[in-house]
Each structure stands twice: as C-alpha cells, then as structure tokens.
>>> print(open('upload.cif').read())   # mmCIF, C-alpha atoms
data_protein
#
loop_
_atom_site.label_atom_id
_atom_site.label_comp_id
_atom_site.auth_asym_id
_atom_site.auth_seq_id
_atom_site.Cartn_x
_atom_site.Cartn_y
_atom_site.Cartn_z
CA MET D 1 16.14 155.32 -25.77
CA THR D 2 14.55 158.64 -26.59
CA THR D 3 15.31 162.13 -25.35
CA SER D 4 12.44 161.84 -22.87
CA THR D 5 14.39 159.21 -20.94
CA MET D 6 15.80 161.79 -18.56
CA LYS D 7 12.40 163.22 -17.68
CA THR D 8 10.45 160.00 -17.32
CA PRO D 9 13.02 157.31 -16.57
CA ALA D 10 10.29 154.78 -15.72
CA LYS D 11 9.43 154.51 -19.41
CA SER D 12 12.54 152.50 -20.23
CA PRO D 13 12.02 148.90 -19.15
CA TYR D 14 15.35 148.86 -17.29
CA TRP D 15 14.47 151.92 -15.17
CA ALA D 16 10.95 150.62 -14.61
CA GLY D 17 12.62 147.50 -13.17
CA VAL D 18 14.91 149.57 -10.95
CA ARG D 19 11.88 151.45 -9.63
CA ASP D 20 9.94 148.23 -8.92
CA GLY D 21 12.97 146.52 -7.34
CA ALA D 22 13.90 149.40 -5.05
CA PRO D 23 11.40 148.60 -2.24
CA PHE D 24 13.11 145.23 -1.75
CA ILE D 25 16.20 147.07 -0.47
CA LEU D 26 14.22 147.27 2.80
CA MET D 27 14.21 143.48 2.89
CA ALA D 28 17.73 142.87 1.61
CA VAL D 29 19.33 145.13 4.21
CA PRO D 30 18.23 143.29 7.39
CA PHE D 31 18.49 139.82 5.82
CA ALA D 32 21.98 140.36 4.46
CA THR D 33 23.19 141.99 7.67
CA LEU D 34 21.83 139.10 9.72
CA PHE D 35 23.49 136.58 7.42
CA GLY D 36 26.82 138.32 7.94
CA VAL D 37 26.31 138.39 11.70
CA ILE D 38 25.17 134.76 11.98
CA ALA D 39 27.74 133.25 9.62
CA THR D 40 30.49 135.05 11.53
CA ASP D 41 28.98 133.92 14.83
CA ALA D 42 28.98 130.34 13.49
CA GLY D 43 32.71 130.56 12.78
CA LEU D 44 32.97 131.35 9.05
CA THR D 45 35.72 133.74 7.95
CA LEU D 46 35.04 136.99 6.10
CA ALA D 47 36.06 135.44 2.77
CA GLN D 48 33.90 132.35 3.33
CA THR D 49 30.85 134.39 4.29
CA MET D 50 31.23 136.71 1.28
CA GLY D 51 31.87 133.66 -0.92
CA PHE D 52 28.57 132.21 0.26
CA THR D 53 26.65 135.37 -0.42
CA ILE D 54 28.16 136.05 -3.86
CA LEU D 55 28.24 132.48 -5.21
CA VAL D 56 24.94 131.24 -3.80
CA ILE D 57 22.94 134.50 -3.54
CA ALA D 58 19.87 132.81 -2.00
CA GLY D 59 18.98 133.90 1.53
CA ALA D 60 17.02 130.97 2.94
CA ALA D 61 19.42 128.33 1.58
CA GLN D 62 22.42 130.20 2.97
CA PHE D 63 20.86 130.33 6.43
CA ALA D 64 19.89 126.65 6.17
CA ALA D 65 23.44 125.63 5.23
CA VAL D 66 24.98 127.63 8.09
CA GLN D 67 22.48 126.14 10.57
CA LEU D 68 23.37 122.58 9.54
CA MET D 69 27.07 123.43 9.62
CA VAL D 70 26.65 124.67 13.20
CA GLU D 71 25.16 121.23 13.95
CA ASN D 72 28.17 119.58 12.27
CA ALA D 73 26.01 117.66 9.80
CA SER D 74 27.90 115.70 7.15
CA ILE D 75 28.81 117.71 4.05
CA ALA D 76 26.42 115.69 1.89
CA PHE D 77 23.51 116.52 4.20
CA VAL D 78 24.37 120.20 4.36
CA LEU D 79 24.36 120.31 0.55
CA LEU D 80 21.23 118.21 0.10
CA ALA D 81 19.15 120.16 2.62
CA ALA D 82 20.35 123.58 1.45
CA LEU D 83 19.83 122.75 -2.22
CA ALA D 84 16.39 121.33 -1.41
CA VAL D 85 15.46 124.77 -0.06
CA ASN D 86 16.43 126.15 -3.49
CA LEU D 87 14.47 123.59 -5.51
CA ARG D 88 11.55 126.01 -5.80
CA MET D 89 13.78 127.99 -8.14
CA ALA D 90 13.53 125.19 -10.68
CA MET D 91 9.86 126.19 -10.85
CA TYR D 92 10.81 129.82 -11.29
CA SER D 93 13.18 128.81 -14.07
CA ALA D 94 10.49 126.77 -15.80
CA SER D 95 7.91 129.53 -15.61
CA LEU D 96 10.31 132.09 -17.15
CA VAL D 97 10.85 129.98 -20.28
CA PRO D 98 7.79 131.27 -22.19
CA TYR D 99 8.89 134.88 -21.55
CA LEU D 100 12.67 134.69 -21.85
CA GLY D 101 13.39 131.38 -23.58
CA SER D 102 14.48 133.05 -26.84
CA ALA D 103 16.92 135.53 -25.24
CA PRO D 104 20.64 134.97 -25.95
CA LEU D 105 22.23 132.24 -23.84
CA TRP D 106 24.54 134.59 -21.90
CA LYS D 107 21.62 136.77 -20.90
CA ARG D 108 19.66 133.74 -19.78
CA ALA D 109 22.71 132.68 -17.74
CA CYS D 110 22.87 136.12 -16.06
CA ILE D 111 19.13 135.99 -15.34
CA ALA D 112 19.54 132.51 -13.87
CA TYR D 113 22.22 133.84 -11.50
CA LEU D 114 19.97 136.73 -10.42
CA ASN D 115 16.78 134.64 -10.27
CA PHE D 116 15.79 134.88 -6.61
CA ASP D 117 12.36 135.27 -5.03
CA GLN D 118 12.06 139.05 -5.33
CA THR D 119 13.35 139.44 -8.90
CA TYR D 120 11.30 136.50 -10.10
CA ILE D 121 8.01 137.46 -8.49
CA THR D 122 8.28 141.11 -9.55
CA SER D 123 9.27 140.31 -13.14
CA VAL D 124 6.68 137.63 -13.81
CA ALA D 125 3.96 139.94 -12.50
CA ARG D 126 5.08 142.57 -15.04
CA TYR D 127 5.36 140.08 -17.93
CA GLU D 128 1.86 138.80 -17.25
CA ALA D 129 0.42 142.31 -17.06
CA ARG D 130 2.13 143.45 -20.28
CA PRO D 131 2.12 140.67 -22.89
CA GLU D 132 3.25 143.19 -25.55
CA MET D 133 6.76 143.48 -24.03
CA THR D 134 9.57 142.33 -26.34
CA VAL D 135 12.04 139.73 -25.12
CA SER D 136 14.84 142.31 -24.85
CA ASP D 137 12.52 144.63 -22.85
CA ARG D 138 11.79 141.76 -20.50
CA VAL D 139 15.51 141.04 -20.05
CA ALA D 140 16.18 144.74 -19.39
CA TYR D 141 13.34 144.86 -16.86
CA PHE D 142 14.66 141.80 -15.02
CA PHE D 143 18.16 143.31 -14.78
CA GLY D 144 16.54 146.54 -13.60
CA VAL D 145 14.78 144.78 -10.72
CA ALA D 146 18.02 143.10 -9.67
CA THR D 147 20.07 146.32 -9.84
CA PRO D 148 19.01 147.95 -6.54
CA ILE D 149 18.78 144.68 -4.58
CA THR D 150 22.04 142.89 -5.38
CA PRO D 151 24.62 145.51 -4.26
CA PHE D 152 22.78 145.92 -0.94
CA TRP D 153 22.71 142.14 -0.48
CA PHE D 154 26.48 141.92 -0.88
CA GLY D 155 27.36 145.16 0.92
CA MET D 156 25.19 144.63 3.97
CA THR D 157 26.53 141.08 4.39
CA LEU D 158 29.95 142.68 4.78
CA VAL D 159 28.55 145.13 7.34
CA GLY D 160 27.02 142.17 9.20
CA ILE D 161 30.35 140.32 9.24
CA LEU D 162 32.13 143.32 10.75
CA ALA D 163 29.30 143.86 13.27
CA GLY D 164 29.21 140.13 14.09
CA GLN D 165 32.82 140.17 15.19
CA ALA D 166 31.89 142.80 17.80
CA ILE D 167 28.73 141.13 19.19
CA PRO D 168 29.15 139.34 22.56
CA GLU D 169 27.97 135.75 23.19
CA ALA D 170 25.34 136.89 25.73
CA TRP D 171 23.09 138.20 22.95
CA ALA D 172 21.81 134.67 22.23
CA LEU D 173 22.03 135.09 18.47
CA ASP D 174 21.37 131.35 18.09
CA PHE D 175 17.64 132.02 18.14
CA ILE D 176 17.63 134.70 15.44
CA MET D 177 17.91 132.03 12.76
CA PRO D 178 14.86 129.98 13.86
CA ILE D 179 12.88 133.23 14.05
CA MET D 180 13.92 134.14 10.51
CA PHE D 181 12.93 130.75 9.12
CA LEU D 182 9.57 130.86 10.89
CA ALA D 183 9.03 134.37 9.58
CA MET D 184 9.78 133.23 6.02
CA VAL D 185 7.49 130.19 6.26
CA ALA D 186 4.46 131.67 8.06
CA PRO D 187 3.31 133.88 5.14
CA MET D 188 3.61 130.85 2.83
CA LEU D 189 0.96 128.92 4.79
CA LYS D 190 -1.75 130.06 2.41
CA SER D 191 -3.64 126.83 1.77
CA LEU D 192 -4.58 123.64 3.61
CA ALA D 193 -1.97 121.81 1.53
CA HIS D 194 0.79 124.17 2.69
CA VAL D 195 -0.28 123.83 6.33
CA ALA D 196 -0.42 120.03 6.01
CA ALA D 197 3.06 119.93 4.46
CA ALA D 198 4.49 122.12 7.22
CA ALA D 199 2.81 120.02 9.94
CA MET D 200 4.15 116.78 8.44
CA SER D 201 7.62 118.32 8.22
CA VAL D 202 7.56 119.33 11.90
CA GLY D 203 6.14 115.99 13.08
CA VAL D 204 8.58 113.75 11.21
CA ALA D 205 11.57 115.96 12.02
CA LEU D 206 10.79 115.83 15.75
CA VAL D 207 10.24 112.06 15.76
CA LEU D 208 13.49 111.44 13.85
CA ASN D 209 15.51 114.06 15.75
CA GLY D 210 17.75 111.35 17.23
CA LEU D 211 19.17 110.36 13.81
CA PRO D 212 22.48 111.90 12.61
CA ALA D 213 22.10 115.63 11.86
CA GLY D 214 20.26 116.25 8.59
CA THR D 215 18.94 112.70 8.11
CA GLY D 216 15.61 113.21 9.82
CA LEU D 217 15.17 116.52 8.03
CA LEU D 218 15.57 114.95 4.58
CA ILE D 219 13.00 112.25 5.34
CA ALA D 220 10.70 114.87 6.87
CA ALA D 221 11.04 117.13 3.81
CA GLY D 222 10.30 114.29 1.39
CA ALA D 223 7.24 113.21 3.38
CA ALA D 224 6.07 116.83 3.63
CA MET D 225 6.39 117.52 -0.11
CA LEU D 226 4.39 114.40 -0.86
CA THR D 227 1.79 115.43 1.75
CA GLY D 228 1.44 118.90 0.22
CA ALA D 229 1.06 117.53 -3.31
CA LEU D 230 -1.44 114.84 -2.28
CA VAL D 231 -3.58 117.24 -0.22
CA GLU D 232 -3.60 119.62 -3.20
CA VAL D 233 -4.82 116.85 -5.51
CA TRP D 234 -7.44 115.84 -2.94
CA MET D 235 -8.67 119.44 -2.59
CA GLU D 236 -8.97 119.83 -6.36
CA ARG D 237 -10.99 116.61 -6.63
CA ARG D 238 -13.33 117.80 -3.90
CA ARG D 239 -13.91 121.10 -5.61
CA THR D 240 -14.99 119.52 -8.91
CA MET Y 1 31.65 123.85 13.71
CA THR Y 2 34.37 121.28 13.06
CA TYR Y 3 34.98 121.47 9.32
CA SER Y 4 38.36 122.22 7.78
CA ASP Y 5 38.72 125.29 5.56
CA ALA Y 6 38.78 123.06 2.48
CA GLU Y 7 35.52 121.39 3.54
CA ILE Y 8 33.81 124.74 4.10
CA TRP Y 9 34.88 125.97 0.66
CA THR Y 10 33.69 122.69 -0.86
CA ILE Y 11 30.24 123.30 0.63
CA ILE Y 12 30.19 126.91 -0.61
CA VAL Y 13 31.35 126.15 -4.15
CA ILE Y 14 29.10 123.12 -4.66
CA MET Y 15 26.14 125.05 -3.25
CA GLY Y 16 26.93 127.90 -5.63
CA ILE Y 17 27.14 125.60 -8.64
CA GLY Y 18 24.11 123.57 -7.55
CA THR Y 19 21.98 126.65 -7.01
CA PHE Y 20 22.97 128.05 -10.39
CA VAL Y 21 22.17 124.76 -12.13
CA ILE Y 22 18.72 124.74 -10.46
CA ARG Y 23 18.06 128.31 -11.61
CA PHE Y 24 19.44 127.75 -15.09
CA SER Y 25 17.80 124.34 -15.53
CA PHE Y 26 14.70 125.02 -17.56
CA LEU Y 27 15.61 128.44 -18.83
CA GLY Y 28 18.96 127.35 -20.20
CA LEU Y 29 19.19 123.61 -20.57
CA ILE Y 30 15.83 121.86 -20.60
CA GLY Y 31 14.02 124.45 -22.71
CA ASP Y 32 10.31 124.59 -23.30
CA ARG Y 33 9.45 120.96 -22.61
CA PRO Y 34 6.65 120.74 -20.03
CA MET Y 35 7.33 119.11 -16.65
CA PRO Y 36 5.02 116.40 -15.35
CA ALA Y 37 2.25 118.06 -13.32
CA PHE Y 38 2.99 116.01 -10.22
CA VAL Y 39 6.66 117.07 -10.20
CA LEU Y 40 5.53 120.72 -10.27
CA ARG Y 41 3.17 120.02 -7.39
CA LEU Y 42 5.98 118.46 -5.34
CA LEU Y 43 8.35 121.36 -6.06
CA ARG Y 44 5.73 123.88 -4.95
CA TYR Y 45 5.99 122.59 -1.38
CA THR Y 46 9.76 122.52 -0.98
CA PRO Y 47 10.09 125.66 1.20
CA VAL Y 48 7.26 124.70 3.58
CA ALA Y 49 8.54 121.12 3.62
CA VAL Y 50 12.16 121.88 4.52
CA LEU Y 51 12.17 124.93 6.79
CA PRO Y 52 9.59 123.90 9.47
CA GLY Y 53 11.34 120.56 9.98
CA MET Y 54 14.65 122.31 10.41
CA VAL Y 55 13.28 124.80 12.92
CA ALA Y 56 11.08 122.53 15.06
CA PRO Y 57 13.88 120.84 17.07
CA LEU Y 58 15.65 124.22 17.51
CA VAL Y 59 12.47 125.66 19.02
CA LEU Y 60 11.67 122.71 21.29
CA TRP Y 61 15.18 121.68 22.35
CA PRO Y 62 17.47 124.67 21.77
CA GLY Y 63 21.16 123.82 22.01
CA ALA Y 64 21.98 127.21 23.55
CA ALA Y 65 19.61 126.44 26.45
CA GLY Y 66 21.32 123.08 27.02
CA GLY Y 67 18.70 121.18 25.00
CA GLN Y 68 16.00 122.05 27.58
CA THR Y 69 12.65 123.42 26.45
CA ASP Y 70 12.74 127.17 27.00
CA PRO Y 71 9.39 129.02 27.41
CA VAL Y 72 10.94 132.26 26.13
CA ARG Y 73 11.96 130.62 22.84
CA LEU Y 74 8.60 128.84 22.52
CA LEU Y 75 6.68 132.10 22.96
CA ALA Y 76 8.95 134.00 20.58
CA ALA Y 77 8.50 131.27 17.95
CA GLY Y 78 4.73 131.35 18.42
CA ALA Y 79 4.64 135.13 18.10
CA THR Y 80 6.71 134.98 14.88
CA VAL Y 81 4.39 132.44 13.23
CA LEU Y 82 1.26 134.27 14.35
CA ILE Y 83 2.45 137.66 13.09
CA GLY Y 84 3.74 136.13 9.84
CA ALA Y 85 0.48 134.31 9.15
CA LEU Y 86 -1.66 137.36 9.97
CA THR Y 87 0.38 140.07 8.20
CA ARG Y 88 1.82 137.87 5.41
CA ASN Y 89 4.90 140.03 5.85
CA VAL Y 90 8.31 138.51 6.56
CA LEU Y 91 9.82 141.67 8.02
CA TRP Y 92 7.00 142.24 10.52
CA ALA Y 93 7.24 138.61 11.59
CA ILE Y 94 11.01 138.84 12.16
CA THR Y 95 10.68 142.13 14.02
CA GLY Y 96 7.87 140.81 16.19
CA GLY Y 97 9.71 137.58 16.93
CA ILE Y 98 12.97 139.29 17.85
CA VAL Y 99 11.24 141.91 20.01
CA THR Y 100 9.27 139.16 21.82
CA PHE Y 101 12.39 137.08 22.32
CA TYR Y 102 14.58 139.83 23.74
CA SER Y 103 11.89 141.46 25.88
CA LEU Y 104 10.93 138.12 27.46
CA ALA Y 105 14.59 137.17 27.88
CA GLY Y 106 15.23 140.57 29.52
CA LEU Y 107 12.16 140.13 31.75
CA THR Y 108 13.23 136.66 32.96
CA ALA Y 109 16.73 137.98 33.64
CA LEU Y 110 15.24 140.67 35.87
CA LEU Y 111 12.93 138.36 37.80
#
>>> encode(input="upload.cif", output="structure tokens")
Amino acid sequence: MTTSTMKTPAKSPYWAGVRDGAPFILMAVPFATLFGVIATDAGLTLAQTMGFTILVIAGAAQFAAVQLMVENASIAFVLLAALAVNLRMAMYSASLVPYLGSAPLWKRACIAYLNFDQTYITSVARYEARPEMTVSDRVAYFFGVATPITPFWFGMTLVGILAGQAIPEAWALDFIMPIMFLAMVAPMLKSLAHVAAAAMSVGVALVLNGLPAGTGLLIAAGAAMLTGALVEVWMERRRT
Amino acid sequence: MTYSDAEIWTIIVIMGIGTFVIRFSFLGLIGDRPMPAFVLRLLRYTPVAVLPGMVAPLVLWPGAAGGQTDPVRLLAAGATVLIGALTRNVLWAITGGIVTFYSLAGLTALL
C-alpha cells in the first residue's frame, strides 16, 4: 500500500471490493431479516437459526431447508433438496479455478466459505475486465466484496429472530417464503431452456404432490435439469 | 415441525459441511481438470429446477389456507413472477409480491 491509500481507497483491490460489495447490503438486510423471522416462525431456536446462517451462509438453500422442515420431510430429503439448490455453486467454484487456483490453500478455503451469488458474480466480472490483476489482488478483492455483506447477513438474521418472536400468527408469514422463491427464480428465466426447466419442475412437482414430502420435488428437479440441458442443446443445434 | 433438537442440528451441520464441500470442490480439491460439458449444462439449471417445484404446491394448495386454493395467494404469486421477470430485480419482485398479498388479504378481510 502506498501513502495515497487514504485519499483514494478504491485503488487498493481490497477497498475496491468493499466499494463494489456495499450495494448488496440492500439485499442482505431484507433477506437475512426474513430468514430470522421465518426460521423462528417455523420453530427453530435462536442458536439453531444463527447456526444455519453462519454455517451454511446461502440464502435460498436455507429457506428451502426450513420450508421442507415445516413440511416434516425426512432428514435425507431436507438435505438433498437444500444441497441441490446449492449445486450451482460447484459451477462457481469451477469457474474461479483459472483466477484463484494458485492461491494458498487456506485462502482458497476462506473464499469457498464466502463464495455466494453476490461475491462470485461481482468478483468474476472484475477478474474478466482486468486480466492483469495478480492472484493476491484477486483474493484481496474477493474478501473486499464479502466484507460489507457478511456482517449484515449475520446481524440482520439476529434482528429477524428477535422480531419473529414478536410477530402474531395472523400475519400469514407462511406465504412470504413462496414469494421470496418466486422472486429469486423469475429474474433467472432468461432463456427458453430456463423457462422449460421451470415449467417441467412445476408440472412434475404438482403431479407427484401426493408422494412423501420431498420425493416429488427431487424427481421434478432431476427432470427439470435434464429438460433445461436438452433444450439448451437443441437451441444451439438450431442456431448453427 | 416434529424434529428433535439433535435432528435439527444434524440437518444444520451436514448442510454446512455439504455446502462448503460444494463451494470448495473445484477450487480446492478437483483443481483445473475440466468438467464434462453436459454436467455443466445440468448444473446451470439447478436453481430453476428446484425452486419452482417447491413453490408450486404451496401456491396452489397452501397449508395455511387449509389446502384450499386461495385467489389472494394465486394473484400475489402471479404478481411476484411478473414483476421479477420484467424488472429482473429480486427486491422489486419481493416487494411487489408482499404488497399485493397483504393489500388483497386486507381487502378480502374488509369485504
């Protein structure tokens, strides 16, 4: 770091990351608060809810797990469905290898822990735009992006837990979770393949709704992933 | 929810470990070896494959409404998807969905 760091903090890769991560506070605050409220409403204790948020640190999967727990699905199904929601992060992990693969193992482990949608998308965009970045600059940038988001994610979950204990039953919080999932999915429907996958998922899940909780969903998800991949292949063939 | 404390902690800890393993997988363990293209294609669709199937029965047959189809929930779900698809913004979609849900619920309570 040079003496100019104080004047133009954005020049250090870490502070550039902090600056680029800061807008996501707006997203972390409502999501984390809602998770605290909903997990408490579902019957989890303060320690369990905080354990979820700190150990798993992945919004959609946390909501998915709590939803299936409310439905009293078997433990194996809760785990399978919630981890399936996180499988996209295997892609994130794979796509970071060319940029961060040669960083020390402990740093890669920390990045893996903090590798959620916002940190990943922001960091990869920066790495692509600036190929001259060194590996240690890239690591610093990644940690910078995570710095403003993570404390708010943990802290606002706690606020949500405390608020959740005070919210009466009549507020019909049960429907907040479906709205959140729909809100997360709708912007992802950006190609015919995505729409086809979502439609297959809905159709199969509704038809198999009578099966034990979680079973129909797993079959629906498998069929939907295959549908998405096949439609994508078909669209590429048509284009060429 | 009918799980014991031990079962709930089992879910939390295994989910924590599992999620970390997924995130660490290529970066830490598998390294730079390329994945088969079709596996990458399948993985790309996991969020849109899992979440809609989970939500669909909750929208059509909500437990809180006694499993009966509830027009208020249907309309709120429709508004959420529409706003999300048009704005491509998760926060707007949530806000729109929640506002629709509670204003319609308030309206039906008054009528």
>>> interface_residues(input="upload.cif", of="chain Y", to="chain D", cutoff="6 Å", atoms="only C-alpha atoms", output="NGL selection string")
:Y and (1 or 12 or 16 or 20 or 22-24 or 26-27 or 41-43 or 45 or 47-50 or 52-53 or 55-56 or 80-81 or 84-85 or 88 or 90 or 93-94)
>>> resolve_selection(input="upload.cif", expression="the PyMOL selection byres ((chain Y and resi 96-104) around 8)", output="short mmCIF file (atom, residue, chain, number, x, y, z; two decimals) with C-alpha atoms, in the frame of the given file")
data_model
loop_
_atom_site.label_atom_id
_atom_site.label_comp_id
_atom_site.auth_asym_id
_atom_site.auth_seq_id
_atom_site.Cartn_x
_atom_site.Cartn_y
_atom_site.Cartn_z
CA ILE D 176 17.63 134.70 15.44
CA ILE D 179 12.88 133.23 14.05
CA VAL Y 72 10.94 132.26 26.13
CA ARG Y 73 11.96 130.62 22.84
CA LEU Y 75 6.68 132.10 22.96
CA ALA Y 76 8.95 134.00 20.58
CA ALA Y 77 8.50 131.27 17.95
CA ALA Y 79 4.64 135.13 18.10
CA THR Y 80 6.71 134.98 14.88
CA ILE Y 83 2.45 137.66 13.09
CA TRP Y 92 7.00 142.24 10.52
CA ALA Y 93 7.24 138.61 11.59
CA ILE Y 94 11.01 138.84 12.16
CA THR Y 95 10.68 142.13 14.02
CA ALA Y 105 14.59 137.17 27.88
CA GLY Y 106 15.23 140.57 29.52
CA LEU Y 107 12.16 140.13 31.75
CA THR Y 108 13.23 136.66 32.96
#
>>> atom_distance(input="upload.cif", atom1="atom CA of D:Met50", atom2="atom CA of D:Leu158")
7.0 Å
>>> residues_around(input="upload.cif", residues="Y:Asp70", least_positions_apart="6", cutoff="10 Å", atoms="only C-alpha atoms", output="PyMOL selection string")
chain Y and resi 59-62+64
>>> write_last_selection(input="upload.cif", atoms="C-alpha atoms", output="CSV table (one decimal), in the frame of the given file")
chain,number,residue,atom,x,y,z
Y,59,VAL,CA,12.5,125.7,19.0
Y,60,LEU,CA,11.7,122.7,21.3
Y,61,TRP,CA,15.2,121.7,22.4
Y,62,PRO,CA,17.5,124.7,21.8
Y,64,ALA,CA,22.0,127.2,23.6
>>> atom_distance(input="upload.cif", atom1="atom CA of D:Gly164", atom2="atom CA of D:Thr150")
20.9 Å
>>> resolve_selection(input="upload.cif", expression="the PyMOL selection byres ((chain D and resi 147) around 10)", output="list in words")
Tyr14, Trp15, Gly17, Val18, Arg19, Gly21, Ala22, Leu114, Thr119, Tyr141, Phe142, Phe143, Gly144, Val145, Ala146, Pro148, Ile149, Thr150, Pro151 and Phe152 of chain D
>>> axis_aligned_box(input="upload.cif", around="stretch 48-57 of chain Y", padding_each_side="3 Å", output="AutoDock Vina command-line options")
--center_x 11.0 --center_y 122.7 --center_z 10.3 --size_x 13.4 --size_y 10.4 --size_z 19.5
>>> atom_distance(input="upload.cif", atom1="atom CA of D:Thr40", atom2="atom CA of D:Pro168")
11.9 Å
>>> decode(input="upload.cif", residues="stretch 25-55 of chain Y", atoms="C-alpha atoms", output="short mmCIF file (atom, residue, chain, number, x, y, z; two decimals), in the first residue's frame")
data_model
loop_
_atom_site.label_atom_id
_atom_site.label_comp_id
_atom_site.auth_asym_id
_atom_site.auth_seq_id
_atom_site.Cartn_x
_atom_site.Cartn_y
_atom_site.Cartn_z
CA SER Y 25 -14.90 -28.69 -4.74
CA PHE Y 26 -13.15 -27.44 -7.84
CA LEU Y 27 -11.25 -24.60 -6.30
CA GLY Y 28 -9.70 -26.73 -3.59
CA LEU Y 29 -9.92 -30.40 -4.38
CA ILE Y 30 -10.56 -31.15 -8.03
CA GLY Y 31 -8.28 -28.46 -9.42
CA ASP Y 32 -8.10 -27.38 -13.01
CA ARG Y 33 -9.46 -30.51 -14.66
CA PRO Y 34 -12.34 -29.63 -17.00
CA MET Y 35 -15.84 -30.94 -16.25
CA PRO Y 36 -17.82 -32.72 -18.95
CA ALA Y 37 -19.85 -30.12 -20.86
CA PHE Y 38 -23.14 -31.89 -20.20
CA VAL Y 39 -22.57 -31.88 -16.42
CA LEU Y 40 -22.03 -28.11 -16.58
CA ARG Y 41 -25.23 -27.75 -18.58
CA LEU Y 42 -27.18 -29.75 -15.97
CA LEU Y 43 -25.74 -27.73 -13.08
CA ARG Y 44 -26.71 -24.47 -14.77
CA TYR Y 45 -30.39 -25.32 -14.31
CA THR Y 46 -30.37 -26.36 -10.67
CA PRO Y 47 -31.95 -23.19 -9.22
CA VAL Y 48 -34.76 -23.03 -11.81
CA ALA Y 49 -35.24 -26.79 -11.49
CA VAL Y 50 -35.60 -26.94 -7.70
CA LEU Y 51 -37.32 -23.74 -6.57
CA PRO Y 52 -40.40 -23.68 -8.89
CA GLY Y 53 -41.25 -27.28 -7.99
CA MET Y 54 -41.01 -26.47 -4.32
CA VAL Y 55 -43.22 -23.39 -4.61
#
